[in-house]
Amino acid sequence: MSTLAPLEKNAGLVHAVETTLLAAPDREIEVLGRVPAGASRAEAVAHLRRAATEVRRRAVQTVGAAGAGHIGGEFSITDALVTLYLSVMNISPAQVEERDPERDRIVLSKGHAANALYTTLAVGGYIAPEALRTFLQPTSMLNGHPARTKIHAVEASTGPLGHGLPIAVGMALAARLDGSDRRTFVLLGDGELQEGSNWEAFMTAGHQRLDRLVALVDRNRLQQGARVADTNDLEPLADKLRAFGWEVVEVDGNDVGALLDAYAGVPAASGKPTFVLAHTDKGFPVSYMRDDVAWHHKVPSAEQVAQALTELDAVLASIDTEEEVTS
Amino acid sequence: MTSTVPAAEAAPAERTLFDCRDSWAATIAEVARADERVVVVVNDSVGSSKLGGFQKEFPQRTINVGIAEQDMVGIGAGLANGGKVPFVSAAGCFLTARAMEQIKADVVYSQYNVKLIGQSPGVAYGDLGPTHHSIEDFSWLRTLPGITIVAPSDPDETAQVVRWAAEHDGPVYVRVSRMGVPAVHAEDYTFVPGRAVTLREGDDVTLVATGTTVVRALDAADLLAADGVAARVLAMPTIKPLDDDAVIAAARETRGIVTIEEAMVTGLGGAVAQVVVENHPAPVRSLGFRDEFAVTGSAEWLLDHHGMSPSGIATTAQTLLG
Ligand SMILES: Cc1ncc(C[n+]2csc(CCOP(=O)(O)OP(=O)(O)O)c2C)c(N)n1
Ligand SMILES: [Mg+2]
């Protein structure tokens, strides 16, 4: 480990960090930024898929180097994060830095997926890629759960499950009081929905008809130690949400195109808040991780990191090929 | 600016370190075999509480409510009403912070016989950030009348405390540490609730430690001895009820007291200071966390960083000797 000089300016972090550095990745991530204005749908999908794959390539190396993390739930939520930050939301590093009141809001309620968030922020140009090498290191701004006091782009500190949705309801109420059309997005785990606080907030949002509030649940069917269905089952989840006054949209949550379509329907004509029931796989798309509860917080060995990179590079290659075919 | 982030102070190499969760897991199974009233209640924390074996052996008596701590503690109170002896086991941070009102109203105010087991407490989850630190538990819980709060310092004491808790009728909070600790107590040691243990005699200064900091206090006493200072080392496994007599004797017989805890200083430190001020005013220095959310870092690094390395403790003790 070497020592990191203060990051230049603050690189999106609230304080310059001085800490030790994790091993460098095989190559630095591409800061792809937002989907360019005027991009066709196919171009947008290719951009987002590439960004999601960049995030996964980098995130798996961070976890390997740090010896800790929650890679399974990071891989299942990556597509949702990337789609929101790089396309759907009205947000940019400048808006975040200037605290533009009209920026869309996002809360990663399943805060244990912090590494996926940090890496998405780096791919989106919100924090310096170099900062990722400080993940979990002494005094780093990038601890295992995102902190509002440490990173400009983080709207709410999370980590204890069951907090993000009530906060998002408050954000949506504030927008309504301002007469603003800005939207609020919150990303939840499925196991997380066992927390009663969510159901209090589902009631409030339904009652208030917060049509610009979107709650996405990462329905990977696994929690920390077992399958959700074997622990404390959620089904029939869509029916429950409908009964609570929500518009329910079911999508393949590891398909960026499907996610784009789901968000395009917000606000719903019914005037209800939108619940995106995103069917995903924990560990997606890495073969040895998919749908295996062990990968909630297992740390990949060097060989497993290499195997993941091989599989992810094949995804990148297929995106390139598809682009050549369509252009 | 150049950076100085020192590595954690190295522990003596020959020591074998134990994860007290292993001792908890073995003992709760043993207790459950002997007493069929014993059940465990968890929040998706079978693995982090090391209860995989228990769940296999006692599937009916392992109640996993999922990620729902308030539910979990309330269910514990209901089970106690039915004559069960529930051990509610979850990461200390979520157990106490999330379910504090259930602990206060459902368990302690109602005096239900519920055992609250705070796993991986203190800064065991140091690098996961302050949401996952459980350094407020001592301070919060010691405001509740009628709860017993215990922080064992090694595997044997952990086992004894779990056995005692199963026998004792009343609410108990036990910290089960994950951070590696060596055996600190003698083989013939017997845990007595509410009683301090004098691990080292000395009349110059007193070090009062609990849980994971006991071994650090012993190491500090060695450093002080090399400088000709005789430090008394009191292990204080029970934070509440506190052993007032041992604290008052230390205030009277030595030149000052240093408290050391993997917690906010309003826990053990606050409790000791109050007893000293009210009974025999003497200098007290409290080591622990105070009025700030801790930075990112491993558990060992954070303790060192907050003045609880052996040399940090010794330096603080020296300030009392003037
Ligand atoms: C209040 C609270 N209780 C327990 C935990 C410990 N914990 C962290 S992640 C997790 C499992 C989360 O499962 P899920 O919401 O399905 O997330 P995902 O599968 O997307 O990782 C648990 C129990 C926590 N972070 N917060
Ligand atoms: Mg899940």
# chains A, B, ... in the order shown; residues from 1 in each chain; ligands from 1
$ interface_residues --of "chain A" --to "chain B" --cutoff "9 Å" --atoms "only C-alpha atoms" --output "PyMOL selection string"
chain A and resi 3-6+18-20+69+112+135-147+157-162+191-196+223-226+228+231-233
$ residues_around --residues "B:Ala251" --least-positions-apart "3" --cutoff "7 Å" --atoms "only C-alpha atoms" --output "VMD selection string"
chain B and resid 247 to 248 254 256 to 257 276 280 282
$ closest_atom_pairs --of "chain A" --to "ligand 2" --cutoff "6 Å" --atoms "only C-alpha atoms and all ligand atoms" --output "JSON lines"
{"residue": "A:Gly189", "atom": "CA", "partner": "ligand 2", "partner_atom_place_in_ligand_line": "1 (Mg)", "distance": 5.0}
{"residue": "A:Asp190", "atom": "CA", "partner": "ligand 2", "partner_atom_place_in_ligand_line": "1 (Mg)", "distance": 4.6}
{"residue": "A:Gly191", "atom": "CA", "partner": "ligand 2", "partner_atom_place_in_ligand_line": "1 (Mg)", "distance": 5.0}
{"residue": "A:Arg219", "atom": "CA", "partner": "ligand 2", "partner_atom_place_in_ligand_line": "1 (Mg)", "distance": 5.9}
{"residue": "A:Asn220", "atom": "CA", "partner": "ligand 2", "partner_atom_place_in_ligand_line": "1 (Mg)", "distance": 4.8}
{"residue": "A:Arg221", "atom": "CA", "partner": "ligand 2", "partner_atom_place_in_ligand_line": "1 (Mg)", "distance": 5.2}
{"residue": "A:Leu222", "atom": "CA", "partner": "ligand 2", "partner_atom_place_in_ligand_line": "1 (Mg)", "distance": 4.2}
{"residue": "A:Gln223", "atom": "CA", "partner": "ligand 2", "partner_atom_place_in_ligand_line": "1 (Mg)", "distance": 4.4}
$ select_by_dssp --residues "stretch 82-224 of chain B" --states "strand (DSSP E)" --output "PyMOL selection string"
chain B and resi 85-91+115-119+148-150+172-176+197-200+205-209
$ residues_around --residues "A:Arg41" --least-positions-apart "5" --cutoff "10 Å" --atoms "only C-alpha atoms" --output "list of chain:residue names"
A:Ala46, A:His47, A:Gly257, A:Leu260
$ select_by_dssp --residues "stretch 81-298 of chain B" --states "alpha helix (DSSP H)" --output "PyMOL selection string"
chain B and resi 81+92-98+100-101+137-141+155-167+214-226+244-253+268-279
$ residues_around --residues "A:Arg290" --least-positions-apart "5" --cutoff "8 Å" --atoms "only C-alpha atoms" --output "PDB file with C-alpha atoms, in the first residue's frame"
ATOM      1  CA  GLY A  72     -23.708  -9.815  -4.962  1.00  0.00           C
ATOM      2  CA  ASP A 281     -30.091 -11.841  -9.971  1.00  0.00           C
ATOM      3  CA  LYS A 282     -27.702 -11.337  -7.115  1.00  0.00           C
ATOM      4  CA  GLY A 283     -24.218 -11.418  -8.662  1.00  0.00           C
ATOM      5  CA  PHE A 284     -25.461 -10.712 -12.204  1.00  0.00           C
ATOM      6  CA  PRO A 285     -23.995 -11.557 -14.693  1.00  0.00           C
TER       7      PRO A 285
END
$ atom_distance --atom1 "atom CA of B:Ile147" --atom2 "atom CA of B:Asp244"
16.5 Å
$ closest_residue --among "B:Ala209, B:Val275, B:Ala186, B:Ala91" --to "ligand 1" --atoms "only C-alpha atoms and all ligand atoms"
B:Ala91
$ residues_around --residues "stretch 104-106 of chain B" --least-positions-apart "6" --cutoff "10 Å" --atoms "only C-alpha atoms" --output "number ranges by chain"
B: 73-78, 96, 112, 114, 140-141, 143-145, 147
$ atom_distance --atom1 "atom CA of A:Glu323" --atom2 "atom CA of A:Glu43"
8.0 Å
$ atom_distance --atom1 "atom CA of A:Thr53" --atom2 "atom CA of A:Ser318"
11.3 Å
$ residues_around --residues "A:Tyr288" --least-positions-apart "6" --cutoff "10 Å" --atoms "only C-alpha atoms" --output "ChimeraX atom specification"
/A:295,304,307-308
$ closest_residue --among "A:Ala153, A:Leu188, A:Ala11, A:Ala24" --to "ligand 1" --atoms "only C-alpha atoms and all ligand atoms"
A:Leu188
$ residues_around --residues "A:Ala128" --least-positions-apart "4" --cutoff "8 Å" --atoms "only C-alpha atoms" --output "list in words"
Ala11, Gly12, Ala122 and Leu132 of chain A
$ write_last_selection --atoms "all heavy atoms" --output "CSV table (one decimal), in the first residue's frame"
chain,number,residue,atom,x,y,z
A,11,ALA,N,-12.7,16.7,-5.5
A,11,ALA,CA,-13.1,15.5,-6.3
A,11,ALA,C,-14.5,14.9,-5.9
A,11,ALA,O,-14.7,13.7,-5.9
A,11,ALA,CB,-12.0,14.4,-6.3
A,12,GLY,N,-15.4,15.8,-5.5
A,12,GLY,CA,-16.7,15.3,-5.1
A,12,GLY,C,-16.8,14.8,-3.7
A,12,GLY,O,-17.9,14.5,-3.2
A,122,ALA,N,-18.1,7.5,-10.0
A,122,ALA,CA,-16.9,7.7,-10.7
A,122,ALA,C,-17.1,7.7,-12.2
A,122,ALA,O,-16.6,8.5,-12.9
A,122,ALA,CB,-15.8,6.7,-10.2
A,132,LEU,N,-11.5,5.6,-5.6
A,132,LEU,CA,-12.0,4.3,-5.3
A,132,LEU,C,-10.9,3.4,-4.7
A,132,LEU,O,-11.3,2.4,-4.0
A,132,LEU,CB,-12.5,3.6,-6.7
A,132,LEU,CG,-13.6,4.3,-7.4
A,132,LEU,CD1,-13.8,3.7,-8.8
A,132,LEU,CD2,-14.9,4.3,-6.5
$ decode --residues "stretch 120-136 of chain A" --atoms "all heavy atoms" --output "CSV table (one decimal), in the first residue's frame"
chain,number,residue,atom,x,y,z
A,120,THR,N,-20.3,3.9,-9.7
A,120,THR,CA,-21.2,4.6,-10.6
A,120,THR,C,-20.9,6.1,-10.6
A,120,THR,O,-20.9,6.8,-11.6
A,120,THR,CB,-22.7,4.4,-10.3
A,120,THR,OG1,-22.9,3.0,-10.3
A,120,THR,CG2,-23.6,5.1,-11.2
A,121,LEU,N,-20.7,6.7,-9.4
A,121,LEU,CA,-20.4,8.1,-9.3
A,121,LEU,C,-19.1,8.4,-10.0
A,121,LEU,O,-19.0,9.5,-10.6
A,121,LEU,CB,-20.3,8.5,-7.8
A,121,LEU,CG,-21.6,8.5,-7.0
A,121,LEU,CD1,-21.4,8.8,-5.6
A,121,LEU,CD2,-22.6,9.5,-7.6
A,122,ALA,N,-18.1,7.5,-10.0
A,122,ALA,CA,-16.9,7.7,-10.7
A,122,ALA,C,-17.1,7.7,-12.2
A,122,ALA,O,-16.6,8.5,-12.9
A,122,ALA,CB,-15.8,6.7,-10.2
A,123,VAL,N,-17.8,6.7,-12.7
A,123,VAL,CA,-18.1,6.6,-14.1
A,123,VAL,C,-18.9,7.8,-14.6
A,123,VAL,O,-18.8,8.2,-15.7
A,123,VAL,CB,-18.9,5.2,-14.4
A,123,VAL,CG1,-19.4,5.2,-15.8
A,123,VAL,CG2,-17.9,4.0,-14.2
A,124,GLY,N,-19.7,8.3,-13.7
A,124,GLY,CA,-20.5,9.5,-14.1
A,124,GLY,C,-19.8,10.8,-13.9
A,124,GLY,O,-20.4,11.9,-14.2
A,125,GLY,N,-18.6,10.8,-13.4
A,125,GLY,CA,-17.9,12.0,-13.2
A,125,GLY,C,-18.1,12.8,-11.9
A,125,GLY,O,-17.8,14.0,-11.8
A,126,TYR,N,-18.7,12.1,-11.0
A,126,TYR,CA,-19.1,12.8,-9.7
A,126,TYR,C,-17.9,12.7,-8.7
A,126,TYR,O,-17.8,13.6,-7.8
A,126,TYR,CB,-20.3,12.2,-9.1
A,126,TYR,CG,-21.6,12.4,-9.9
A,126,TYR,CD1,-21.9,11.6,-10.9
A,126,TYR,CD2,-22.4,13.5,-9.6
A,126,TYR,CE1,-23.1,11.8,-11.7
A,126,TYR,CE2,-23.6,13.7,-10.3
A,126,TYR,CZ,-23.9,12.8,-11.3
A,126,TYR,OH,-25.0,13.0,-12.1
A,127,ILE,N,-17.2,11.6,-8.7
A,127,ILE,CA,-16.0,11.6,-7.9
A,127,ILE,C,-14.8,11.0,-8.7
A,127,ILE,O,-15.0,10.4,-9.8
A,127,ILE,CB,-16.2,10.6,-6.6
A,127,ILE,CG1,-16.4,9.2,-7.0
A,127,ILE,CG2,-17.3,11.1,-5.7
A,127,ILE,CD1,-16.4,8.2,-5.8
A,128,ALA,N,-13.6,11.3,-8.3
A,128,ALA,CA,-12.4,10.9,-9.0
A,128,ALA,C,-12.2,9.4,-9.0
A,128,ALA,O,-12.3,8.8,-7.9
A,128,ALA,CB,-11.2,11.6,-8.5
A,129,PRO,N,-12.0,8.8,-10.1
A,129,PRO,CA,-11.8,7.3,-10.1
A,129,PRO,C,-10.7,6.9,-9.1
A,129,PRO,O,-10.8,5.9,-8.4
A,129,PRO,CB,-11.3,7.0,-11.5
A,129,PRO,CG,-12.0,8.1,-12.4
A,129,PRO,CD,-12.0,9.3,-11.5
A,130,GLU,N,-9.7,7.7,-8.9
A,130,GLU,CA,-8.6,7.4,-8.0
A,130,GLU,C,-9.1,7.2,-6.6
A,130,GLU,O,-8.5,6.4,-5.8
A,130,GLU,CB,-7.6,8.6,-8.1
A,130,GLU,CG,-6.3,8.3,-7.4
A,130,GLU,CD,-5.4,9.5,-7.2
A,130,GLU,OE1,-6.0,10.6,-7.3
A,130,GLU,OE2,-4.2,9.3,-6.9
A,131,ALA,N,-10.2,7.9,-6.2
A,131,ALA,CA,-10.7,7.8,-4.9
A,131,ALA,C,-11.2,6.4,-4.6
A,131,ALA,O,-11.2,6.0,-3.4
A,131,ALA,CB,-11.9,8.8,-4.7
A,132,LEU,N,-11.5,5.6,-5.6
A,132,LEU,CA,-12.0,4.3,-5.3
A,132,LEU,C,-10.9,3.4,-4.7
A,132,LEU,O,-11.3,2.4,-4.0
A,132,LEU,CB,-12.5,3.6,-6.7
A,132,LEU,CG,-13.6,4.3,-7.4
A,132,LEU,CD1,-13.8,3.7,-8.8
A,132,LEU,CD2,-14.9,4.3,-6.5
A,133,ARG,N,-9.7,3.8,-4.9
A,133,ARG,CA,-8.6,3.0,-4.2
A,133,ARG,C,-8.6,3.2,-2.7
A,133,ARG,O,-7.7,2.6,-2.1
A,133,ARG,CB,-7.3,3.3,-4.9
A,133,ARG,CG,-7.2,2.8,-6.3
A,133,ARG,CD,-5.9,3.1,-7.0
A,133,ARG,NE,-4.8,2.5,-6.3
A,133,ARG,CZ,-3.5,2.8,-6.6
A,133,ARG,NH1,-3.2,3.7,-7.5
A,133,ARG,NH2,-2.6,2.1,-5.9
A,134,THR,N,-9.4,4.1,-2.2
A,134,THR,CA,-9.4,4.3,-0.7
A,134,THR,C,-10.5,3.6,0.0
A,134,THR,O,-10.6,3.7,1.2
A,134,THR,CB,-9.5,5.8,-0.4
A,134,THR,OG1,-10.8,6.3,-0.7
A,134,THR,CG2,-8.5,6.7,-1.2
A,135,PHE,N,-11.3,2.8,-0.8
A,135,PHE,CA,-12.5,2.2,-0.2
A,135,PHE,C,-12.1,1.4,1.1
A,135,PHE,O,-11.2,0.6,1.1
A,135,PHE,CB,-13.1,1.2,-1.3
A,135,PHE,CG,-14.3,0.4,-0.8
A,135,PHE,CD1,-15.5,1.1,-0.6
A,135,PHE,CD2,-14.3,-1.0,-0.7
A,135,PHE,CE1,-16.6,0.4,-0.2
A,135,PHE,CE2,-15.4,-1.7,-0.4
A,135,PHE,CZ,-16.6,-1.0,-0.1
A,136,LEU,N,-12.8,1.8,2.2
A,136,LEU,CA,-12.7,1.1,3.5
A,136,LEU,C,-11.3,1.4,4.2
A,136,LEU,O,-11.1,0.9,5.3
A,136,LEU,CB,-12.9,-0.4,3.4
A,136,LEU,CG,-14.2,-0.9,2.8
A,136,LEU,CD1,-14.2,-2.5,3.0
A,136,LEU,CD2,-15.4,-0.3,3.5
